[in-house]
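Here is work_7.cif, consisting of mmCIF, C-alpha atoms and all ligand atoms:
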data_structure
loop_
_atom_site.label_atom_id
_atom_site.label_comp_id
_atom_site.auth_asym_id
_atom_site.auth_seq_id
_atom_site.Cartn_x
_atom_site.Cartn_y
_atom_site.Cartn_z
CA MET J 895 -24.02 17.32 141.56
CA ASN J 896 -21.76 20.33 142.10
CA VAL J 897 -18.02 19.53 142.18
CA VAL J 898 -15.09 21.91 142.78
CA CYS J 899 -11.52 20.74 142.20
CA VAL J 900 -8.88 22.99 143.75
CA GLY J 901 -5.81 22.84 141.47
CA ALA J 902 -5.51 22.13 137.74
CA GLY J 903 -2.74 19.55 138.06
CA PRO J 904 -3.14 15.98 136.78
CA ALA J 905 -5.33 14.93 139.76
CA GLY J 906 -7.85 17.81 139.65
CA LEU J 907 -8.18 17.86 135.85
CA TYR J 908 -8.49 14.11 135.44
CA PHE J 909 -11.09 13.80 138.19
CA ALA J 910 -13.05 16.62 136.51
CA ILE J 911 -12.92 14.70 133.20
CA LEU J 912 -14.07 11.44 134.78
CA THR J 913 -16.88 13.18 136.68
CA LYS J 914 -18.25 14.64 133.44
CA LEU J 915 -17.99 11.25 131.72
CA ARG J 916 -19.84 9.60 134.63
CA GLU J 917 -22.41 12.35 135.14
CA PRO J 918 -22.64 14.72 132.13
CA GLY J 919 -25.18 16.93 133.96
CA ALA J 920 -22.85 17.64 136.90
CA ALA J 921 -21.50 21.18 137.37
CA VAL J 922 -17.70 20.79 137.55
CA ARG J 923 -15.26 23.65 138.23
CA VAL J 924 -11.48 23.46 138.41
CA VAL J 925 -9.90 26.44 140.17
CA GLU J 926 -6.21 27.08 139.42
CA ARG J 927 -3.95 29.85 140.75
CA ASN J 928 -1.56 29.85 137.76
CA PRO J 929 -2.34 31.52 134.44
CA ARG J 930 -3.33 29.19 131.57
CA GLY J 931 -0.27 27.41 130.14
CA VAL J 932 1.98 28.21 133.11
CA THR J 933 3.27 25.40 135.30
CA TYR J 934 6.25 24.32 137.36
CA GLY J 935 8.32 21.32 136.24
CA TRP J 936 9.63 19.77 133.05
CA GLY J 937 9.00 16.27 131.69
CA VAL J 938 7.62 13.32 133.65
CA VAL J 939 8.08 9.61 132.96
CA PHE J 940 5.45 6.88 133.07
CA TRP J 941 5.05 3.24 132.09
CA ASP J 942 2.57 0.82 130.54
CA ASP J 943 0.73 0.25 133.84
CA LEU J 944 -0.48 3.87 133.81
CA VAL J 945 -1.38 3.67 130.11
CA ASN J 946 -3.57 0.62 130.88
CA SER J 947 -5.34 2.34 133.79
CA LEU J 948 -5.99 5.43 131.67
CA ARG J 949 -7.22 3.39 128.72
CA HIS J 950 -9.89 1.77 130.89
CA SER J 951 -11.08 5.07 132.32
CA ASP J 952 -10.91 7.39 129.27
CA PRO J 953 -9.54 6.02 125.97
CA GLU J 954 -9.69 9.47 124.34
CA THR J 955 -7.37 11.11 126.91
CA THR J 956 -5.03 8.13 126.60
CA ARG J 957 -4.92 8.50 122.82
CA LEU J 958 -4.09 12.21 123.11
CA ILE J 959 -1.36 11.61 125.69
CA LEU J 960 0.27 8.80 123.69
CA GLU J 961 0.19 10.93 120.53
CA ASP J 962 2.50 13.42 122.27
CA ALA J 963 4.49 11.10 124.52
CA ASN J 964 8.11 10.29 123.83
CA LYS J 965 9.13 6.64 124.16
CA TRP J 966 12.59 6.14 125.69
CA HIS J 967 14.58 2.91 125.43
CA ASP J 968 17.27 1.67 127.81
CA GLN J 969 18.81 3.20 130.90
CA GLU J 970 22.44 4.14 131.38
CA VAL J 971 24.54 4.71 134.50
CA GLN J 972 27.62 6.83 134.11
CA VAL J 973 30.13 7.25 136.94
CA GLY J 974 32.71 9.88 136.04
CA GLU J 975 34.97 8.70 133.24
CA ALA J 976 34.17 4.97 133.66
CA LYS J 977 32.51 3.10 130.78
CA PRO J 978 28.73 3.58 131.18
CA ALA J 979 26.67 0.55 132.26
CA ARG J 980 23.42 -0.22 130.40
CA MET J 981 20.40 -1.46 132.38
CA GLY J 982 17.74 -1.98 129.67
CA GLY J 983 14.04 -1.19 130.01
CA TYR J 984 11.76 1.34 128.34
CA GLY J 985 9.09 3.84 129.26
CA TYR J 986 7.32 7.02 128.17
CA SER J 987 7.82 10.69 128.96
CA ILE J 988 5.82 13.82 128.33
CA GLY J 989 6.26 17.51 129.16
CA ARG J 990 4.23 18.43 132.21
CA ALA J 991 2.99 21.60 130.45
CA ARG J 992 1.82 19.55 127.44
CA LEU J 993 0.12 16.95 129.66
CA LEU J 994 -1.82 19.69 131.46
CA GLU J 995 -2.72 21.32 128.15
CA ILE J 996 -4.17 18.00 126.91
CA LEU J 997 -6.11 17.41 130.13
CA THR J 998 -7.43 20.99 130.21
CA ALA J 999 -8.63 20.82 126.59
CA ARG J 1000 -10.30 17.43 127.18
CA ALA J 1001 -11.99 18.71 130.37
CA GLU J 1002 -13.26 21.85 128.64
CA SER J 1003 -14.55 19.85 125.66
CA LEU J 1004 -16.71 17.88 128.13
CA GLY J 1005 -18.11 21.06 129.70
CA VAL J 1006 -15.82 21.49 132.73
CA THR J 1007 -15.18 25.13 133.72
CA VAL J 1008 -11.45 25.64 134.26
CA GLU J 1009 -10.71 28.96 135.97
CA PHE J 1010 -7.09 30.14 135.75
CA ASP J 1011 -5.51 32.99 137.73
CA ALA J 1012 -7.87 32.05 140.56
CA GLU J 1013 -5.99 31.43 143.79
CA VAL J 1014 -8.02 29.78 146.54
CA GLY J 1015 -7.42 31.60 149.84
CA PRO J 1016 -6.37 29.93 153.11
CA ASP J 1017 -9.87 30.04 154.68
CA GLU J 1018 -11.94 29.79 151.52
CA THR J 1019 -14.81 27.32 151.51
CA PHE J 1020 -17.21 26.33 148.75
CA PRO J 1021 -20.63 26.34 150.44
CA ASP J 1022 -22.51 25.40 147.22
CA ALA J 1023 -20.31 22.40 146.42
CA ASP J 1024 -21.44 18.82 147.11
CA LEU J 1025 -17.83 17.69 146.80
CA VAL J 1026 -14.55 19.64 147.12
CA VAL J 1027 -11.49 17.86 145.74
CA ALA J 1028 -8.26 19.18 147.27
CA ALA J 1029 -5.89 18.54 144.37
CA ASP J 1030 -3.70 21.52 145.22
CA GLY J 1031 -0.38 19.71 145.37
CA ALA J 1032 2.28 18.96 147.95
CA ASN J 1033 1.95 22.36 149.68
CA SER J 1034 -1.85 22.02 149.79
CA ARG J 1035 -3.59 24.90 151.54
CA THR J 1036 -6.78 22.88 151.80
CA ARG J 1037 -4.89 20.18 153.70
CA ALA J 1038 -3.49 22.86 156.04
CA GLN J 1039 -6.96 24.36 156.52
CA TYR J 1040 -8.33 21.03 157.82
CA ALA J 1041 -5.05 19.73 159.26
CA GLU J 1042 -6.63 18.62 162.54
CA HIS J 1043 -8.87 16.24 160.58
CA PHE J 1044 -6.40 14.98 157.94
CA ALA J 1045 -3.49 14.74 160.44
CA PRO J 1046 -0.72 15.06 157.85
CA THR J 1047 2.88 13.99 158.45
CA ILE J 1048 5.51 15.83 156.41
CA GLU J 1049 9.13 14.67 156.53
CA SER J 1050 11.85 16.51 154.73
CA GLY J 1051 14.51 14.53 152.83
CA ARG J 1052 18.21 15.21 153.45
CA ASN J 1053 19.36 15.74 149.88
CA TYR J 1054 18.95 18.87 147.81
CA TYR J 1055 17.58 18.69 144.24
CA ILE J 1056 16.79 21.07 141.42
CA TRP J 1057 14.41 20.35 138.50
CA LEU J 1058 15.77 21.83 135.24
CA GLY J 1059 15.42 21.53 131.49
CA THR J 1060 18.00 21.35 128.71
CA ARG J 1061 18.10 21.16 124.92
CA LYS J 1062 20.53 18.24 125.12
CA LEU J 1063 18.34 15.31 124.05
CA PHE J 1064 18.92 12.31 126.33
CA ASP J 1065 17.37 9.49 124.26
CA ILE J 1066 18.48 6.98 126.89
CA PHE J 1067 17.28 7.49 130.47
CA THR J 1068 20.54 8.60 132.10
CA PHE J 1069 21.87 8.60 135.64
CA ALA J 1070 25.27 10.34 135.75
CA PHE J 1071 27.47 10.78 138.83
CA GLU J 1072 30.32 13.29 138.96
CA GLN J 1073 32.78 13.81 141.78
CA THR J 1074 33.48 17.39 142.89
CA SER J 1075 35.81 18.84 145.50
CA ALA J 1076 32.90 18.72 147.97
CA GLY J 1077 31.51 15.25 147.13
CA TRP J 1078 29.28 13.55 144.55
CA VAL J 1079 26.58 15.27 142.49
CA TRP J 1080 24.34 13.29 140.15
CA LEU J 1081 21.73 13.86 137.52
CA HIS J 1082 18.62 12.00 136.37
CA ALA J 1083 17.96 12.95 132.73
CA TYR J 1084 15.56 11.91 129.95
CA ARG J 1085 14.15 13.42 126.81
CA PHE J 1086 10.46 14.31 126.86
CA SER J 1087 9.92 16.11 123.52
CA ASN J 1088 11.72 16.87 120.26
CA GLU J 1089 13.25 19.93 121.90
CA TYR J 1090 13.86 19.28 125.58
CA SER J 1091 15.04 16.86 128.23
CA THR J 1092 14.42 16.92 131.95
CA CYS J 1093 17.54 17.24 134.10
CA ILE J 1094 17.26 16.76 137.86
CA PHE J 1095 20.45 17.36 139.86
CA GLU J 1096 20.79 16.02 143.37
CA CYS J 1097 23.45 15.99 146.11
CA SER J 1098 23.91 15.67 149.86
CA PRO J 1099 23.56 18.80 152.04
CA GLU J 1100 27.30 18.63 152.78
CA THR J 1101 28.15 18.75 149.06
CA TRP J 1102 25.52 21.43 148.43
CA LYS J 1103 27.03 23.70 151.08
CA GLY J 1104 30.61 22.69 150.26
CA LEU J 1105 30.12 23.82 146.66
CA GLY J 1106 28.59 27.09 147.83
CA LEU J 1107 25.22 26.34 146.22
CA ASP J 1108 23.50 27.66 149.37
CA THR J 1109 24.83 31.18 148.78
CA MET J 1110 25.20 31.30 144.95
CA SER J 1111 22.66 33.01 142.70
CA ILE J 1112 20.59 30.67 140.57
CA ASP J 1113 22.61 31.55 137.45
CA GLU J 1114 25.92 30.88 139.22
CA GLY J 1115 24.56 27.52 140.37
CA LEU J 1116 23.53 26.56 136.82
CA THR J 1117 26.91 27.59 135.44
CA LEU J 1118 28.58 25.39 138.04
CA MET J 1119 26.36 22.38 137.16
CA GLN J 1120 27.07 22.97 133.44
CA LYS J 1121 30.79 22.83 134.22
CA VAL J 1122 30.59 19.73 136.42
CA PHE J 1123 28.39 17.89 133.86
CA ALA J 1124 30.06 19.22 130.71
CA ARG J 1125 30.68 15.60 129.59
CA GLU J 1126 26.95 14.76 129.69
CA LEU J 1127 25.49 18.09 128.51
CA ASP J 1128 27.63 18.46 125.36
CA GLY J 1129 27.80 22.21 125.91
CA GLN J 1130 24.02 22.66 126.10
CA GLU J 1131 22.68 25.15 128.65
CA LEU J 1132 20.53 24.35 131.63
CA ILE J 1133 17.19 26.15 131.75
CA THR J 1134 15.32 27.02 134.93
CA GLN J 1135 11.88 27.95 136.13
CA ILE J 1136 11.49 28.81 139.78
CA GLY J 1137 8.80 26.70 141.44
CA PRO J 1138 5.97 27.67 143.80
CA THR J 1139 8.30 28.02 146.80
CA GLY J 1140 10.57 30.51 145.00
CA ARG J 1141 13.65 28.47 146.02
CA PRO J 1142 15.65 26.83 143.22
CA TRP J 1143 17.13 23.94 145.28
CA LEU J 1144 14.66 21.99 147.39
CA ASN J 1145 14.44 19.06 149.79
CA PHE J 1146 11.89 16.45 148.84
CA ALA J 1147 8.90 16.36 151.26
CA ASP J 1148 7.52 12.91 152.07
CA ILE J 1149 3.81 13.43 152.85
CA THR J 1150 1.21 11.10 154.32
CA ASN J 1151 -2.22 11.80 155.84
CA ARG J 1152 -4.05 9.76 158.47
CA ALA J 1153 -7.44 10.69 156.96
CA TRP J 1154 -8.02 11.53 153.31
CA HIS J 1155 -11.50 13.04 153.68
CA HIS J 1156 -13.42 15.28 156.03
CA ASP J 1157 -17.12 16.10 155.47
CA ASN J 1158 -17.30 16.74 151.71
CA VAL J 1159 -13.59 17.63 151.26
CA VAL J 1160 -11.28 14.94 149.90
CA LEU J 1161 -7.52 14.90 149.33
CA MET J 1162 -6.12 13.71 146.01
CA GLY J 1163 -2.65 13.37 144.43
CA ASP J 1164 0.32 15.12 146.05
CA ALA J 1165 -1.97 16.79 148.60
CA ALA J 1166 -2.67 13.28 149.97
CA HIS J 1167 0.75 11.63 149.50
CA THR J 1168 4.08 12.10 147.76
CA THR J 1169 6.64 9.67 146.35
CA HIS J 1170 10.27 10.59 145.74
CA PHE J 1171 10.88 11.75 142.15
CA SER J 1172 13.53 9.04 141.68
CA ILE J 1173 10.77 6.46 141.16
CA GLY J 1174 8.73 8.67 138.78
CA SER J 1175 5.30 7.84 140.23
CA GLY J 1176 3.62 11.00 141.54
CA THR J 1177 1.70 11.81 138.36
CA LYS J 1178 0.67 8.18 137.94
CA LEU J 1179 -0.64 8.06 141.53
CA ALA J 1180 -2.44 11.40 141.09
CA LEU J 1181 -4.21 10.10 137.96
CA GLU J 1182 -4.97 6.76 139.61
CA ASP J 1183 -6.45 8.57 142.65
CA ALA J 1184 -8.85 10.31 140.24
CA ILE J 1185 -9.75 6.92 138.77
CA GLY J 1186 -10.15 5.47 142.29
CA LEU J 1187 -12.54 8.20 143.46
CA ASP J 1188 -14.53 7.96 140.24
CA ARG J 1189 -14.84 4.19 140.72
CA ALA J 1190 -15.95 4.65 144.34
CA MET J 1191 -18.57 7.23 143.29
CA ARG J 1192 -19.94 4.80 140.71
CA ALA J 1193 -20.15 2.02 143.30
CA HIS J 1194 -21.70 3.99 146.19
CA ALA J 1195 -24.82 6.12 146.04
CA ASP J 1196 -23.97 8.17 149.14
CA LEU J 1197 -20.90 10.40 149.40
CA PRO J 1198 -19.57 9.28 152.85
CA SER J 1199 -19.46 5.61 151.71
CA ALA J 1200 -17.78 6.59 148.44
CA LEU J 1201 -15.12 8.65 150.24
CA ALA J 1202 -14.44 5.88 152.76
CA ALA J 1203 -14.12 3.29 149.97
CA TYR J 1204 -11.81 5.63 148.03
CA GLN J 1205 -9.46 6.05 150.99
CA ALA J 1206 -9.41 2.33 151.80
CA ASP J 1207 -8.60 1.39 148.19
CA ARG J 1208 -6.07 4.11 147.37
CA ALA J 1209 -4.25 4.24 150.73
CA ALA J 1210 -3.34 0.56 150.33
CA SER J 1211 -1.93 1.00 146.79
CA VAL J 1212 -0.14 4.22 147.68
CA ALA J 1213 1.49 2.67 150.78
CA VAL J 1214 3.25 0.09 148.58
CA ARG J 1215 4.61 2.82 146.27
CA GLN J 1216 5.65 5.00 149.18
CA ALA J 1217 7.63 2.10 150.64
CA SER J 1218 9.51 1.72 147.32
CA ALA J 1219 10.01 5.46 147.13
CA ARG J 1220 11.46 5.57 150.66
CA ALA J 1221 13.90 2.77 149.83
CA SER J 1222 14.94 4.76 146.75
CA THR J 1223 15.27 8.00 148.77
CA ALA J 1224 17.42 6.19 151.33
CA TRP J 1225 19.60 4.76 148.57
CA PHE J 1226 20.23 8.20 147.07
CA GLU J 1227 20.94 9.58 150.55
CA ASN J 1228 23.77 7.04 150.76
CA VAL J 1229 25.37 7.47 147.35
CA ALA J 1230 28.78 8.24 148.87
CA GLU J 1231 28.83 4.74 150.43
CA HIS J 1232 27.41 2.81 147.45
CA ILE J 1233 29.72 4.45 144.94
CA LYS J 1234 32.83 3.00 146.62
CA THR J 1235 32.20 -0.30 144.76
CA ASP J 1236 33.05 -0.82 141.06
CA PRO J 1237 30.72 0.84 138.48
CA VAL J 1238 28.99 -2.40 137.43
CA ARG J 1239 28.07 -3.41 141.00
CA PHE J 1240 27.08 0.19 141.70
CA SER J 1241 24.79 0.25 138.64
CA TYR J 1242 23.19 -3.03 139.68
CA ALA J 1243 22.61 -1.65 143.19
CA LEU J 1244 21.05 1.45 141.63
CA ARG J 1245 18.73 -0.69 139.55
CA THR J 1246 17.59 -2.75 142.55
CA ARG J 1247 17.55 0.14 145.06
CA ARG J 1248 13.79 0.00 145.66
CA GLU J 1249 14.14 -3.46 147.21
CA GLN J 1250 17.07 -2.59 149.49
CA PRO J 1251 16.72 -1.91 153.23
CA ALA J 1252 17.59 1.61 154.37
CA GLY J 1253 21.26 2.26 155.23
CA LEU J 1254 22.47 2.96 158.77
CA SER J 1255 23.16 6.68 158.34
CA TRP J 1256 19.71 7.21 156.81
CA LEU J 1257 18.06 5.42 159.75
CA LEU J 1258 20.09 7.55 162.18
CA HIS J 1259 19.02 10.69 160.36
CA ARG J 1260 15.36 9.67 160.51
CA ALA J 1261 15.68 8.77 164.22
CA THR J 1262 17.17 12.22 164.89
CA GLN J 1263 14.32 13.88 162.96
CA TYR J 1264 11.75 11.85 164.93
CA ARG J 1265 13.41 12.73 168.26
CA ALA J 1266 13.59 16.42 167.30
CA GLY J 1267 9.86 16.28 166.44
CA GLN J 1268 9.04 14.69 169.82
CA ILE J 1269 11.03 17.35 171.69
CA ALA J 1270 9.36 20.16 169.69
CA ARG J 1271 5.87 18.74 170.34
CA ARG J 1272 6.60 18.40 174.09
CA TRP J 1273 7.97 21.95 174.19
CA VAL J 1274 4.86 23.36 172.45
CA SER J 1275 2.46 21.53 174.77
CA THR J 1276 4.41 22.72 177.89
CA ALA J 1277 4.41 26.28 176.55
CA LYS J 1278 0.64 26.06 175.90
CA ARG J 1279 0.02 24.85 179.47
CA LYS J 1280 2.13 27.73 180.86
CA ILE J 1281 0.30 30.46 178.94
CA ARG J 1282 -3.20 29.01 179.53
CA PRO J 1283 -5.16 31.53 181.67
CA ALA J 1284 -5.92 30.34 185.22
C1 LIG V 1 11.72 16.84 140.37
C2 LIG V 1 10.44 16.09 140.17
C3 LIG V 1 10.34 15.16 139.17
C4 LIG V 1 9.17 14.42 139.00
N1 LIG V 1 9.10 13.48 138.01
C5 LIG V 1 8.01 12.70 137.90
C6 LIG V 1 7.95 11.69 136.93
O1 LIG V 1 8.89 11.48 136.16
N2 LIG V 1 6.83 10.92 136.86
C7 LIG V 1 5.77 11.10 137.71
O2 LIG V 1 4.79 10.34 137.62
N3 LIG V 1 5.78 12.08 138.63
C8 LIG V 1 6.87 12.88 138.75
N4 LIG V 1 6.91 13.87 139.70
C9 LIG V 1 5.76 14.06 140.62
C10 LIG V 1 4.62 14.84 139.98
O3 LIG V 1 5.05 16.06 139.47
C11 LIG V 1 3.51 15.09 141.02
O4 LIG V 1 3.35 13.95 141.81
C12 LIG V 1 2.20 15.42 140.33
O5 LIG V 1 2.30 16.61 139.62
C13 LIG V 1 1.05 15.51 141.35
O6 LIG V 1 -0.10 15.94 140.70
P1 LIG V 1 -1.21 16.75 141.50
O7 LIG V 1 -2.28 17.04 140.52
O8 LIG V 1 -1.53 16.04 142.75
O9 LIG V 1 -0.48 18.10 141.98
P2 LIG V 1 0.24 19.24 141.12
O10 LIG V 1 0.67 18.73 139.81
O11 LIG V 1 1.25 19.85 142.03
O12 LIG V 1 -0.93 20.30 140.85
C14 LIG V 1 -1.45 21.08 141.88
C15 LIG V 1 -2.04 22.34 141.25
O13 LIG V 1 -2.72 23.08 142.26
C16 LIG V 1 -2.45 24.45 142.06
N5 LIG V 1 -2.66 25.14 143.35
C17 LIG V 1 -1.92 25.02 144.47
N6 LIG V 1 -2.43 25.81 145.44
C18 LIG V 1 -3.51 26.44 144.91
C19 LIG V 1 -4.44 27.39 145.42
N7 LIG V 1 -4.36 27.84 146.68
N8 LIG V 1 -5.44 27.84 144.60
C20 LIG V 1 -5.54 27.37 143.32
N9 LIG V 1 -4.66 26.48 142.78
C21 LIG V 1 -3.68 26.02 143.58
C22 LIG V 1 -1.00 24.48 141.60
O14 LIG V 1 -0.68 25.68 140.94
C23 LIG V 1 -0.97 23.26 140.67
O15 LIG V 1 -1.30 23.60 139.36
C24 LIG V 1 8.06 14.65 139.87
C25 LIG V 1 8.14 15.62 140.87
C26 LIG V 1 9.33 16.33 141.04
C27 LIG V 1 9.41 17.36 142.15
#

Using the file provided, produce a representation of the structure as structure tokens.
Amino acid sequence: MNVVCVGAGPAGLYFAILTKLREPGAAVRVVERNPRGVTYGWGVVFWDDLVNSLRHSDPETTRLILEDANKWHDQEVQVGEAKPARMGGYGYSIGRARLLEILTARAESLGVTVEFDAEVGPDETFPDADLVVAADGANSRTRAQYAEHFAPTIESGRNYYIWLGTRKLFDIFTFAFEQTSAGWVWLHAYRFSNEYSTCIFECSPETWKGLGLDTMSIDEGLTLMQKVFARELDGQELITQIGPTGRPWLNFADITNRAWHHDNVVLMGDAAHTTHFSIGSGTKLALEDAIGLDRAMRAHADLPSALAAYQADRAASVAVRQASARASTAWFENVAEHIKTDPVRFSYALRTRREQPAGLSWLLHRATQYRAGQIARRWVSTAKRKIRPA
């Protein structure tokens, strides 16, 4: 069997590993646009459920990941000067760069060819491949190439966020909310190595514009965040990498696809679906997709049956997570309302946000987006009819 994985993120690399474990004679290539060792993003969190899934599929990769993972205990919610509330719990975190390094080394040790600095073009096909795995992330070109078959839906979140690093070590998973002249800004922070923590800042579009973050340079924006969160950062600097879009502040894109496979091309990980970063699940789902497709390939001798079984199995699991993620997104889009209560009630609401129904303003926003989409689609189809030759 000849397999090509587009993208050396967690999904592409882990599927390559599992393919080699299942079928050592298979030719497996992973094609990645970035140079070796270069990636976007800082640390990611995960929990025991992922560790268990990984342990069943490849104990060696699990051992290597756990050797490097940081274990965090407890969660804290800080609202301005108020006494922080503790919420308990524990989990793991690991630097994204380190995770990819581990997966790449494991894949190569099994005989996978990982090609770096190899960008796949918009119309590129792999005629010799029996299976092409589109693991090229949220902005997947492969998904765009076959969009009429996959029928993706991409909805942009309201809030703006930026994914940064810092040398301030947050041993406790921390949510901190600070009020500014233009509204609330908050951070999600956790340590992922002996040197660094992840720091994700988020705010509403009104606050983002009100603070001038839309026109400031990246350095000015970081200086402002350092000032607003001086209490939490203990004077440590914020460190940036610009992501694949080249824009420092982004809106989260909620992605779903009606079909996950077309001929011998299959979507995996963020290319197939996304979940808001506030529930820390995207990497887990990407790795579990790889496990799901591997399981389907073991169970079905022919590729079309395996791909259909993969979609049926994974789409159901992913839908549950996406529902939680949407509840969490909606909660963070309504921080200004929730934060009017006292800090303890607010912290409890934060902890249980995944179970809460969406707020009114979020529903209105979504309805407006849906209506705007309908109008745009109608406009395009009228325009197409008008320019169609007689
Ligand atoms: C702010 C933030 C925080 C997050 N925190 C967490 C967390 O705590 N826990 C968690 O589980 N998840 C987290 N996630 C989500 C997680 O990062 C993603 O869900 C995960 O990386 C998806 O893996 P993937 O392999 O599908 O895609 P990616 O990791 O995006 O990998 C895709 C790869 O494809 C490559 N590529 C793209 N286009 C091409 C091309 N044309 N040719 C060749 N290569 C290409 C890219 O360079 C990239 O290396 C977070 C995400 C964000 C934005």

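Going from atom CA of Trp1154 of chain J over to atom CA of Tyr1204 of chain J, you cover 8.8 Å.
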
Rank J:Ala1032, J:Ile911, J:Val1027, J:Ala1200 by their smallest atom-to-atom distance to ligand LIG 1 (chain V), using only C-alpha atoms and all ligand atoms, and report the top residue only.
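Checking each candidate against ligand LIG 1 (chain V), we get J:Ala1032 as the closest.
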
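Considering all atoms listed in the file, the residue among J:Ser1087, J:Thr1246, J:Gln972, J:Ser1172 positioned nearest to ligand LIG 1 (chain V) is J:Ser1172.
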
Do you have, as CSV, the list of residues of chain J lying at most 6 Å from ligand LIG 1 (chain V), each with its nearest atom pair and that distance in Å to one decimal, counting only C-alpha atoms and all ligand atoms and ordered by chain then number?
residue,atom,partner,partner_atom,distance
J:Val900,CA,V:LIG1,C20,5.5
J:Gly901,CA,V:LIG1,O13,3.2
J:Ala902,CA,V:LIG1,O15,4.7
J:Gly903,CA,V:LIG1,O12,3.4
J:Pro904,CA,V:LIG1,O7,4.0
J:Ala905,CA,V:LIG1,O7,3.8
J:Gly906,CA,V:LIG1,O7,5.7
J:Val925,CA,V:LIG1,C20,5.5
J:Glu926,CA,V:LIG1,N9,3.7
J:Arg927,CA,V:LIG1,C20,3.9
J:Asn928,CA,V:LIG1,O14,5.3
J:Val938,CA,V:LIG1,O1,3.4
J:Val939,CA,V:LIG1,O1,3.8
J:Phe940,CA,V:LIG1,N2,5.7
J:Ala1012,CA,V:LIG1,C20,5.9
J:Glu1013,CA,V:LIG1,N8,3.7
J:Val1014,CA,V:LIG1,N8,3.8
J:Gly1015,CA,V:LIG1,N7,5.8
J:Ala1029,CA,V:LIG1,O8,5.3
J:Asp1030,CA,V:LIG1,O13,3.5
J:Gly1031,CA,V:LIG1,O11,3.7
J:Ser1034,CA,V:LIG1,N6,5.8
J:Arg1035,CA,V:LIG1,N7,5.7
J:Trp1057,CA,V:LIG1,C1,4.8
J:Gly1163,CA,V:LIG1,O8,3.3
J:Asp1164,CA,V:LIG1,O8,3.9
J:Ala1165,CA,V:LIG1,O8,5.9
J:Phe1171,CA,V:LIG1,C4,4.5
J:Gly1174,CA,V:LIG1,N2,3.5
J:Ser1175,CA,V:LIG1,O2,3.6
J:Gly1176,CA,V:LIG1,O4,3.0
J:Thr1177,CA,V:LIG1,O2,3.5
J:Lys1178,CA,V:LIG1,O2,4.7
J:Ala1180,CA,V:LIG1,O8,5.0

Go ahead and compute the interatomic distance for atom CA of Ala910 of chain J and atom CA of Arg1085 of chain J, in Å to one decimal.
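According to the coordinates, atom CA of Ala910 of chain J and atom CA of Arg1085 of chain J are separated by 29.1 Å.
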
If I take atom CA of Val1238 of chain J and atom CA of Trp1080 of chain J, how far is one from the other in Å, to one decimal?
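Value for the atom CA of Val1238 of chain J-atom CA of Trp1080 of chain J distance: 16.6 Å.
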
Using only C-alpha atoms: which of J:Val922, J:Ile1149, J:Val973, J:Leu1025 has the shortest distance to Met1191 of chain J
J:Leu1025

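Using only C-alpha atoms, the nearest neighbour of Lys1234 of chain J within the list J:Leu1063, J:Thr1092, J:Val1122, J:Trp1078 is J:Trp1078.
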
Compile the contact shell of Asp1024 of chain J as a PDB file with C-alpha atoms, in the coordinates of the input: residues with an atom at most 9 Å away, counting only C-alpha atoms, same-chain residues fewer than 3 positions apart removed.
ATOM      1  CA  MET J 895     -24.020  17.320 141.560  1.00  0.00           C
ATOM      2  CA  ASN J 896     -21.760  20.330 142.100  1.00  0.00           C
ATOM      3  CA  VAL J 897     -18.020  19.530 142.180  1.00  0.00           C
ATOM      4  CA  VAL J 898     -15.090  21.910 142.780  1.00  0.00           C
ATOM      5  CA  PHE J1020     -17.210  26.330 148.750  1.00  0.00           C
ATOM      6  CA  PRO J1021     -20.630  26.340 150.440  1.00  0.00           C
ATOM      7  CA  ASN J1158     -17.300  16.740 151.710  1.00  0.00           C
ATOM      8  CA  VAL J1159     -13.590  17.630 151.260  1.00  0.00           C
ATOM      9  CA  LEU J1197     -20.900  10.400 149.400  1.00  0.00           C
TER      10      LEU J1197
END

Given all atoms listed in the file as the counted atoms, nearest of J:Thr1007, J:Thr1235, J:Ser1098, J:Asn946 to Ala921 of chain J:
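Selected residue with least distance to Ala921 of chain J: J:Thr1007.
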
So that all listed atoms of segment 1006-1015 of chain J fit with 8 Å spare on each side, what axis-aligned box centre and edge lengths in Å, to one decimal, would you give as lines of an AutoDock Vina configuration file?
center_x = -10.7
center_y = 27.2
center_z = 141.3
size_x = 26.3
size_y = 27.5
size_z = 33.1

Select all residues near (1.7, 6.5, 129.5) (cut-off 10 Å, inclusive, file coordinates), counting all atoms listed in the file, and output them as a PyMOL selection string.
chain J and resi 938-949+956-957+959-960+963-965+985-988+1178

Counting only C-alpha atoms, closest pick from J:Arg916, J:Arg1152, J:Gly1186, J:Ala1230 relative to Pro1046 of chain J is J:Arg1152

Can you pull out the residues contacting Ser1211 of chain J? Cut-off 12 Å, using all atoms listed in the file, and skip same-chain residues under 2 positions away; I want them as a compact mmCIF listing (two decimals) with C-alpha atoms, in the coordinates of the input.
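Printed below is out19.txt as written:
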# COMPACT_ATOMS: atom_id res chain seq x y z
CA HIS J 1167 0.75 11.63 149.50
CA SER J 1175 5.30 7.84 140.23
CA LYS J 1178 0.67 8.18 137.94
CA LEU J 1179 -0.64 8.06 141.53
CA ALA J 1180 -2.44 11.40 141.09
CA GLU J 1182 -4.97 6.76 139.61
CA ASP J 1183 -6.45 8.57 142.65
CA GLY J 1186 -10.15 5.47 142.29
CA TYR J 1204 -11.81 5.63 148.03
CA GLN J 1205 -9.46 6.05 150.99
CA ALA J 1206 -9.41 2.33 151.80
CA ASP J 1207 -8.60 1.39 148.19
CA ARG J 1208 -6.07 4.11 147.37
CA ALA J 1209 -4.25 4.24 150.73
CA ALA J 1213 1.49 2.67 150.78
CA VAL J 1214 3.25 0.09 148.58
CA ARG J 1215 4.61 2.82 146.27
CA GLN J 1216 5.65 5.00 149.18
CA ALA J 1217 7.63 2.10 150.64
CA SER J 1218 9.51 1.72 147.32
